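For reference, the structure discussed in these notes is given below.
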Amino acid sequence: HFPTQRDIEILPPAANPIAQRRHHQTTSTSLQSSQLISAIPAVPATDIIRTFVGIVLAQRISNSGLKKRSLSKSGALSAFAVASLSLATSWRNGVTLLAFYWTSSKLTRVGSKIKGKLEEGATEGGNRGASQVFACSLIAVICACIRRIVVGCDGPLGSGSLLGDQLTLAYTAFFACCAGDTWASELGVLSKSLPRLIIKPWKEVPPGTNGGISLVGLAASAAGGILMGLFHGLFVPGGIASLLPLFGGSSMLSAISFAQFQREVLVLTFVGFMGGFGGSLLDSLLGATIQATYYDNEAKKIAKREGPTTTKVGGWGFLSNEMVNVVSTAISALVAGLVARPLLNCI
């Protein structure tokens, strides 16, 4: 008599080959599932809280920019995306980005009536679109995301890998260059003296001309860069921001000494100054050579594009204003990353 399927199924588990096989498969599947779950890194509660706060803040800021007309609809969506990602990577990344956005929005409104008479398309709020938002944020946000994913949590300079320090300096230099260029453009155009072309310092040009520089604009570019570097240094994890409950509590303060804190602020402020001042000069140099400038003879002001009543007063027209910003900020970030090791060894 050969055992049937029913005879096998009613056997005790120890003598039942089918039950043993099923038990082995179930155990193996459970083991694989548990191994897969254990392989997934646990997300710290602080990261979850920071990401949630970042999303809420980014939504409020983008909505506020849309209402105040400092952002268009596409600009508001773009600002929400980059602000959320920056705050998700670290508190100070988000603070630096928000400091740039807030100061730029405020400066855009300074002397808006005068700017409207000097430049075509100068509006009281600014009304920045997606291309302008991404030109002044995307590369830095990519650096921040790479640092968080590859290196780990944000920390003071010299406390981790060289790549982490390079990306931190690149992030700082990027926004320093953006702030330097924006501050110089928004305040320099209001200077009582005519700007001079950077490639021909003896030649005076109309306010708003690409490549035009003035003492007011240069001072503003340095101030903007310094402020970005100062913010990024002060809000280092374990710095003064750690005294605030939202930024991690006073328990993190022991993770960084006062000497480390001083060094952080000093290095990043210096990088901010160089990124703001040097980046603004680079932007002006590019604007005077590979970006065209048109003057409207009828409206008596700088025009954004060529028209029937415009005259080309400089540049080759190879890049747009947004692309010039992308090139200058990218070079500033790259240089800052490349000099990270020698700079940190000197300071």
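Note on naming: chains are A, B, ... as they come in the structure tokens, residues start from 1 per chain, ligands start from 1 in the order shown.
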
Checklist entry - Which neighbours of Leu285 of chain A fall inside 9 Å, counting only C-alpha atoms, when residues of the same chain fewer than 2 positions from it are skipped, and could you give them as a VMD selection string? => result chain A and resid 197 to 199 210 to 212 280 to 283 287 to 290

Next on the checklist: Show me, as a VMD selection string, the residues that have an atom within 8 Å of segment 139-149 of chain A when counting only C-alpha atoms, minus same-chain residues fewer than 6 positions from it.
Outcome noted: chain A and resid 82 85 to 86 89 93 163 to 164 167 to 168 170 to 171 174 to 175 330

C-alpha atoms of the current selection, written as a PDB file, in the first residue's frame:
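Now in out11.pdb:
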```pdb
ATOM      1  CA  VAL A  82      14.226  73.601  -2.462  1.00  0.00           C
ATOM      2  CA  LEU A  85      14.905  69.676   0.877  1.00  0.00           C
ATOM      3  CA  SER A  86      17.371  72.090   2.478  1.00  0.00           C
ATOM      4  CA  THR A  89      19.219  67.864   5.275  1.00  0.00           C
ATOM      5  CA  ASN A  93      21.245  74.549   5.504  1.00  0.00           C
ATOM      6  CA  LEU A 163      34.057  65.305   1.306  1.00  0.00           C
ATOM      7  CA  GLY A 164      31.741  66.577   4.019  1.00  0.00           C
ATOM      8  CA  LEU A 167      30.339  70.134   0.399  1.00  0.00           C
ATOM      9  CA  THR A 168      29.816  72.417   3.416  1.00  0.00           C
ATOM     10  CA  ALA A 170      30.580  74.652  -1.462  1.00  0.00           C
ATOM     11  CA  TYR A 171      27.099  75.193  -0.002  1.00  0.00           C
ATOM     12  CA  PHE A 174      27.140  79.133  -3.427  1.00  0.00           C
ATOM     13  CA  PHE A 175      24.701  81.171  -1.357  1.00  0.00           C
ATOM     14  CA  ALA A 330      28.808  76.838  -9.749  1.00  0.00           C
TER      15      ALA A 330
END
```

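Distance-wise, atom CA of Ser62 of chain A and atom CA of Thr103 of chain A end up 14.8 Å apart.
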
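You will find atom CA of Asn321 of chain A at 24.7 Å from atom CA of Ile61 of chain A.
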
Item to check | 8 Å contact set for Trp183 of chain A, only C-alpha atoms, chain neighbours under 5 positions out, as a list in words | outcome: Ser104, Leu107, Gly188, Gly217, Ala220, Ser221 and Gly224 of chain A

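The set of residues in segment 62-257 of chain A assigned to strand (DSSP E) by DSSP, using only backbone atoms of this structure, is Arg196, Leu197, Lys200, Pro201, Trp202, Lys203, Glu204, Gly212 and Ile213 of chain A.
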
Item to check | Distance query Ser332 of chain A at most 7 Å, only C-alpha atoms, self and fewer than 6 positions along chain excluded, as number ranges by chain | outcome: A: 173-174, 177, 275, 279

For the residues in that selection, give me N, CA and C atoms as a PDB file, in the first residue's frame.
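selection06.pdb, written as the output of this step:
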```pdb
ATOM      1  N   ALA A 173      29.649  78.890  -0.089  1.00  0.00           N
ATOM      2  CA  ALA A 173      30.117  79.759  -1.169  1.00  0.00           C
ATOM      3  C   ALA A 173      29.027  80.000  -2.202  1.00  0.00           C
ATOM      4  N   PHE A 174      28.219  78.989  -2.446  1.00  0.00           N
ATOM      5  CA  PHE A 174      27.140  79.133  -3.427  1.00  0.00           C
ATOM      6  C   PHE A 174      26.178  80.245  -3.016  1.00  0.00           C
ATOM      7  N   CYS A 177      27.735  83.702  -3.021  1.00  0.00           N
ATOM      8  CA  CYS A 177      27.778  84.269  -4.370  1.00  0.00           C
ATOM      9  C   CYS A 177      26.401  84.782  -4.783  1.00  0.00           C
ATOM     10  N   GLY A 275      33.176  84.313  -1.420  1.00  0.00           N
ATOM     11  CA  GLY A 275      32.111  83.912  -2.335  1.00  0.00           C
ATOM     12  C   GLY A 275      31.245  85.084  -2.754  1.00  0.00           C
ATOM     13  N   GLY A 279      32.557  86.210  -6.108  1.00  0.00           N
ATOM     14  CA  GLY A 279      31.504  85.700  -6.988  1.00  0.00           C
ATOM     15  C   GLY A 279      30.780  86.806  -7.721  1.00  0.00           C
TER      16      GLY A 279
END
```

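In this model, the gap between atom CA of Leu187 of chain A and atom CA of Gly276 of chain A comes to 14.1 Å.
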
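With only C-alpha atoms as the atoms that count, the residue of A:Leu218, A:Leu230, A:Pro237, A:Ser78 with the shortest distance to Leu138 of chain A is A:Ser78.
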
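Between Thr293 of chain A and the residues A:Leu227, A:Cys346, A:Leu268, A:Leu319, the shortest atom-to-atom distance, using only C-alpha atoms, involves A:Leu319.
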
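With only C-alpha atoms as the atoms that count, the residue of A:Gly75, A:Asp165, A:Ala176, A:Ser257 with the shortest distance to Leu338 of chain A is A:Asp165.
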
Item to check | Polymer residues at most 10 Å from Ser193 of chain A, only C-alpha atoms, same-chain spacing of 4 or more positions, as a list in words | outcome: Gly188, Val189, Glu204, Pro207, Ser214, Leu215 and Val216 of chain A

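With distances restricted to only C-alpha atoms, A:Gly314 is the closest residue to Lys200 of chain A from A:Gly160, A:Gly272, A:Gly278, A:Gly314.
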
Next on the checklist: I want to know what sits within 12 Å of Lys73 of chain A, based on only C-alpha atoms, with residues of the same chain fewer than 5 positions away left out; could you give that as a ChimeraX atom specification?
Outcome noted: /A:62-68,78-80,127-131,133

Take the residues from that selection and write them out as a compact mmCIF listing (two decimals), in the first residue's frame, keeping N, CA, C and O atoms.
```txt
# COMPACT_ATOMS: atom_id res chain seq x y z
N SER A 62 6.49 79.98 0.67
CA SER A 62 6.12 80.04 -0.75
C SER A 62 4.77 80.71 -0.94
O SER A 62 4.58 81.49 -1.88
N ASN A 63 3.82 80.43 -0.04
CA ASN A 63 2.51 81.09 -0.13
C ASN A 63 2.65 82.60 0.11
O ASN A 63 2.00 83.41 -0.56
N SER A 64 3.49 82.97 1.08
CA SER A 64 3.70 84.38 1.38
C SER A 64 4.35 85.09 0.18
O SER A 64 3.96 86.21 -0.18
N GLY A 65 5.34 84.43 -0.43
CA GLY A 65 5.99 85.01 -1.60
C GLY A 65 5.04 85.18 -2.76
O GLY A 65 5.13 86.16 -3.52
N LEU A 66 4.12 84.25 -2.90
CA LEU A 66 3.13 84.34 -3.97
C LEU A 66 2.17 85.50 -3.73
O LEU A 66 1.83 86.25 -4.66
N LYS A 67 1.75 85.68 -2.48
CA LYS A 67 0.82 86.76 -2.16
C LYS A 67 1.48 88.13 -2.30
O LYS A 67 0.85 89.10 -2.75
N LYS A 68 2.75 88.21 -1.91
CA LYS A 68 3.46 89.49 -1.97
C LYS A 68 4.06 89.76 -3.35
O LYS A 68 4.74 90.76 -3.54
N SER A 78 8.75 76.01 -6.87
CA SER A 78 10.18 75.72 -6.83
C SER A 78 10.77 76.06 -5.47
O SER A 78 11.58 75.30 -4.92
N ALA A 79 10.35 77.19 -4.91
CA ALA A 79 10.84 77.60 -3.60
C ALA A 79 10.42 76.60 -2.52
O ALA A 79 11.19 76.29 -1.60
N PHE A 80 9.20 76.09 -2.63
CA PHE A 80 8.73 75.08 -1.68
C PHE A 80 9.61 73.83 -1.74
O PHE A 80 10.01 73.29 -0.71
N ASN A 127 8.75 89.14 -8.28
CA ASN A 127 8.03 88.15 -9.08
C ASN A 127 8.97 87.15 -9.75
O ASN A 127 8.95 86.94 -10.96
N ARG A 128 9.83 86.52 -8.95
CA ARG A 128 10.81 85.57 -9.48
C ARG A 128 10.14 84.27 -9.89
O ARG A 128 9.28 83.76 -9.18
N GLY A 129 10.55 83.73 -11.03
CA GLY A 129 10.00 82.48 -11.53
C GLY A 129 10.86 81.29 -11.15
O GLY A 129 11.86 81.40 -10.44
N ALA A 130 10.47 80.11 -11.67
CA ALA A 130 11.17 78.88 -11.33
C ALA A 130 12.63 78.91 -11.77
O ALA A 130 13.52 78.44 -11.05
N SER A 131 12.90 79.45 -12.94
CA SER A 131 14.28 79.49 -13.44
C SER A 131 15.17 80.31 -12.54
O SER A 131 16.33 79.94 -12.27
N VAL A 133 14.61 80.91 -9.28
CA VAL A 133 14.72 80.21 -7.99
C VAL A 133 15.74 79.08 -8.08
O VAL A 133 16.62 78.94 -7.22
```

Checklist entry - Among segment 145-315 of chain A, which ones does DSSP place in alpha helix (DSSP H), written as a PyMOL selection string? => result chain A and resi 145-146+162-188+215-234+258-273+279-289
